[in-house]
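Chemist: My questions all concern the structure below.
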Amino acid sequence: MEKSTLNNTVVISIMSKDRVGIIARVSQKIAEIQGNIADIRQSVLCGYFTMILLVDFPADTSLETISTRLEEINTPTEPHLAIAVKPVAETKVIPANTYPADTYVLTVTGSDQIGFVAAIANFCQEHSINILDLSTTRNDDQYVMILFIDITAAPAIQSIREDMATLAQETGFEISLQHLDLFRAVNEIHLPVN
């Protein structure tokens, strides 16, 4: 099928206990329904598989058809896949790893505690900062958050930095904020070109 005939874009989310073959089965079923996968994010957290996909289907393929066909993957002998299918109003697809010009990397470390994530997420919300990507890890008593944030709608960067310094004093967190371009320049490995 030609991509030009695909104009029914949906978001599909999948969650289940992790096992071999989930991505293979889901992607095969999507292909059988003539879906073209535009983007995927997938991870396993503490033994649970999660995946979100952006998929283009033919215009005449209903959400009900997509859901019903995907549910065919579930069998009585394997952990159930929780599947949700939602329409996408805008079909503009932004290429993976493409971020707005005002994207920063926010790194927060501190003692593991209830409300750690909430404190940072609330700070972002209060300052009109959009969280684009977030990952966390806990090692013994230490908790680390790494966020890609878009400050396009936020106050001036200096104001954000001042308020982050106040938050760091109040919480005891170590907070680092740097522009994505600087983060990439410092952290990416560049191989020599022959």
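Each chain of the structure tokens is named A, B, ... in the order shown, its residues numbered from 1; ligands are numbered from 1 in display order.
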Determine, counting only C-alpha atoms, which protein, DNA and RNA residues have an atom within 9 Å of an atom of A:Asp133; residues of the same chain fewer than 2 positions away are not included. Present the result as a list in words.
Modeler: Ile131, Ser135, Ile146, Leu147, Phe148 and Ile149 of chain A
Chemist: Quick one: DSSP alpha helix (DSSP H) residues in stretch 24-192 of chain A, as a ChimeraX atom specification?
Modeler: /A:24-32,63-71,116-126,157-171,180-187
Chemist: Dump C-alpha atoms for the selected residues as a short mmCIF file (atom, residue, chain, number, x, y, z; two decimals), in the first residue's frame?
Modeler:
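Contents of the output file selection37.cif:
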```cif
data_model
loop_
_atom_site.label_atom_id
_atom_site.label_comp_id
_atom_site.auth_asym_id
_atom_site.auth_seq_id
_atom_site.Cartn_x
_atom_site.Cartn_y
_atom_site.Cartn_z
CA ALA A 24 6.94 -9.01 16.82
CA ARG A 25 3.28 -9.92 17.32
CA VAL A 26 2.04 -6.34 17.59
CA SER A 27 4.00 -5.11 14.56
CA GLN A 28 2.90 -8.14 12.51
CA LYS A 29 -0.75 -7.56 13.38
CA ILE A 30 -0.42 -3.86 12.48
CA ALA A 31 1.08 -4.84 9.10
CA GLU A 32 -1.83 -7.26 8.51
CA LEU A 63 -10.66 2.37 15.55
CA GLU A 64 -12.92 -0.57 16.41
CA THR A 65 -11.35 -2.69 13.65
CA ILE A 66 -7.85 -1.81 14.82
CA SER A 67 -8.71 -2.62 18.46
CA THR A 68 -10.47 -5.88 17.59
CA ARG A 69 -7.63 -7.08 15.39
CA LEU A 70 -4.99 -6.20 17.99
CA GLU A 71 -6.97 -8.03 20.69
CA PHE A 116 10.59 13.45 44.59
CA VAL A 117 9.07 13.21 41.11
CA ALA A 118 6.05 15.30 42.12
CA ALA A 119 8.27 18.17 43.33
CA ILE A 120 10.05 18.41 39.98
CA ALA A 121 6.91 17.85 37.88
CA ASN A 122 5.06 20.54 39.86
CA PHE A 123 7.97 22.96 39.40
CA CYS A 124 7.82 22.37 35.65
CA GLN A 125 4.06 22.86 35.54
CA GLU A 126 4.20 26.05 37.62
CA ILE A 157 15.94 31.15 31.58
CA GLN A 158 17.59 33.25 34.31
CA SER A 159 14.33 33.30 36.27
CA ILE A 160 14.03 29.52 35.90
CA ARG A 161 17.61 29.03 37.13
CA GLU A 162 16.97 31.25 40.17
CA ASP A 163 13.79 29.37 41.07
CA MET A 164 15.60 26.04 40.61
CA ALA A 165 18.31 27.18 43.02
CA THR A 166 15.58 27.96 45.56
CA LEU A 167 14.00 24.54 44.98
CA ALA A 168 17.39 22.88 45.44
CA GLN A 169 17.85 24.64 48.79
CA GLU A 170 14.35 23.69 49.96
CA THR A 171 14.59 20.03 48.95
CA LEU A 180 20.37 20.19 24.85
CA ASP A 181 23.06 21.26 22.36
CA LEU A 182 25.60 21.63 25.17
CA PHE A 183 24.50 18.35 26.75
CA ARG A 184 24.99 16.54 23.43
CA ALA A 185 28.38 18.17 22.80
CA VAL A 186 29.64 17.06 26.21
CA ASN A 187 28.04 13.60 26.39
#
```
Chemist: For A:Ala154, list every protein, DNA or RNA residue within 6 Å, evaluated using only C-alpha atoms, and leave out those in the same chain fewer than 6 positions away; present the list as a PyMOL selection string.
Modeler: chain A and resi 127-129
Chemist: May I ask for the distance between atom CA of A:Thr9 and atom CA of A:Ile151, given in Å to one decimal place?
Modeler: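 Atom CA of A:Ile151 lies at a distance of 27.7 Å from atom CA of A:Thr9.
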Chemist: In Å, rounded to a single decimal, give me how far atom CA of A:Asp56 is from atom CA of A:Ile40.
Modeler: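 Pair atom CA of A:Ile40 / atom CA of A:Asp56 returns 12.3 Å.
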Chemist: Would you mind listing what lies within 8 Å of A:Val10 as an mmCIF file with N, CA and C atoms, in the first residue's frame, with only C-alpha atoms counted and same-chain residues fewer than 3 positions away left out?
Modeler:
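Final output, saved to part.cif:
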```cif
data_model
loop_
_atom_site.group_PDB
_atom_site.id
_atom_site.type_symbol
_atom_site.label_atom_id
_atom_site.label_comp_id
_atom_site.auth_asym_id
_atom_site.auth_seq_id
_atom_site.Cartn_x
_atom_site.Cartn_y
_atom_site.Cartn_z
ATOM 1 N N LEU A 54 2.860 5.269 17.133
ATOM 2 C CA LEU A 54 2.127 6.169 16.254
ATOM 3 C C LEU A 54 2.033 5.441 14.921
ATOM 4 N N VAL A 55 0.799 5.165 14.473
ATOM 5 C CA VAL A 55 0.608 4.318 13.298
ATOM 6 C C VAL A 55 -0.365 4.970 12.324
ATOM 7 N N ASP A 56 -0.009 4.931 11.036
ATOM 8 C CA ASP A 56 -0.885 5.408 9.969
ATOM 9 C C ASP A 56 -1.616 4.216 9.364
ATOM 10 N N PHE A 57 -2.948 4.323 9.287
ATOM 11 C CA PHE A 57 -3.784 3.291 8.680
ATOM 12 C C PHE A 57 -4.541 3.889 7.501
ATOM 13 N N VAL A 85 -6.380 2.182 21.855
ATOM 14 C CA VAL A 85 -6.218 2.810 20.540
ATOM 15 C C VAL A 85 -6.950 4.146 20.570
ATOM 16 N N LYS A 86 -6.226 5.215 20.239
ATOM 17 C CA LYS A 86 -6.800 6.559 20.264
ATOM 18 C C LYS A 86 -6.506 7.274 18.947
ATOM 19 N N PRO A 87 -7.459 8.075 18.446
ATOM 20 C CA PRO A 87 -7.210 8.839 17.218
ATOM 21 C C PRO A 87 -6.258 10.004 17.486
ATOM 22 N N VAL A 88 -5.547 10.411 16.453
ATOM 23 C CA VAL A 88 -4.672 11.578 16.531
ATOM 24 C C VAL A 88 -5.305 12.672 15.689
#
```
Chemist: DSSP on the backbone: what in stretch 46-139 of chain A comes out strand (DSSP E or B), as a count of residues only?
Modeler: 36
Chemist: Using only C-alpha atoms, can you tell me which of A:Asn130, A:Gln178, A:Gln142, A:Thr152 comes closest to A:Ser111?
Modeler: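 Between A:Asn130, A:Gln178, A:Gln142, A:Thr152, the residue approaching A:Ser111 most closely is A:Gln142.
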Chemist: Hey, which of A:Gln34, A:Asp102, A:Thr77, A:Ala89 ends up closest to A:Val11? Count only C-alpha atoms.
Modeler: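 Of A:Gln34, A:Asp102, A:Thr77, A:Ala89, the one nearest A:Val11, counting only C-alpha atoms, is A:Ala89.
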Chemist: Near A:Ala84, within 7 Å and counting only C-alpha atoms, which residues show up once chain neighbours fewer than 2 positions away are dropped, as number ranges by chain?
Modeler: A: 12-14, 82, 86
Chemist: Within 7 Å of A:Ala59, counting only C-alpha atoms, which residues qualify if same-chain residues fewer than 2 places away don't, as a PDB file with C-alpha atoms, in the first residue's frame?
Modeler:
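Everything below was put into out.pdb:
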```pdb
ATOM      1  CA  LEU A   6      -2.679   6.386   4.711  1.00  0.00           C
ATOM      2  CA  ASN A   7      -4.300   9.289   6.512  1.00  0.00           C
ATOM      3  CA  ASN A   8      -5.896   7.723   9.574  1.00  0.00           C
ATOM      4  CA  PHE A  57      -3.784   3.291   8.680  1.00  0.00           C
ATOM      5  CA  THR A  61      -9.934   1.537   8.860  1.00  0.00           C
TER       6      THR A  61
END
```
Chemist: Identify which of the residues A:Met51, A:Ile22, A:Val108, A:Ile37 lies closest to A:Pro79, counting only C-alpha atoms when measuring atom-to-atom distances.
Modeler: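 Checking each candidate against A:Pro79, we get A:Ile22 as the closest.
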Chemist: Between A:Val44, A:Ile175, A:Ile23, A:Leu134, single out the one closest to A:Ile73, counting only C-alpha atoms.
Modeler: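 Among the listed residues, the smallest separation from A:Ile73 belongs to A:Ile23.
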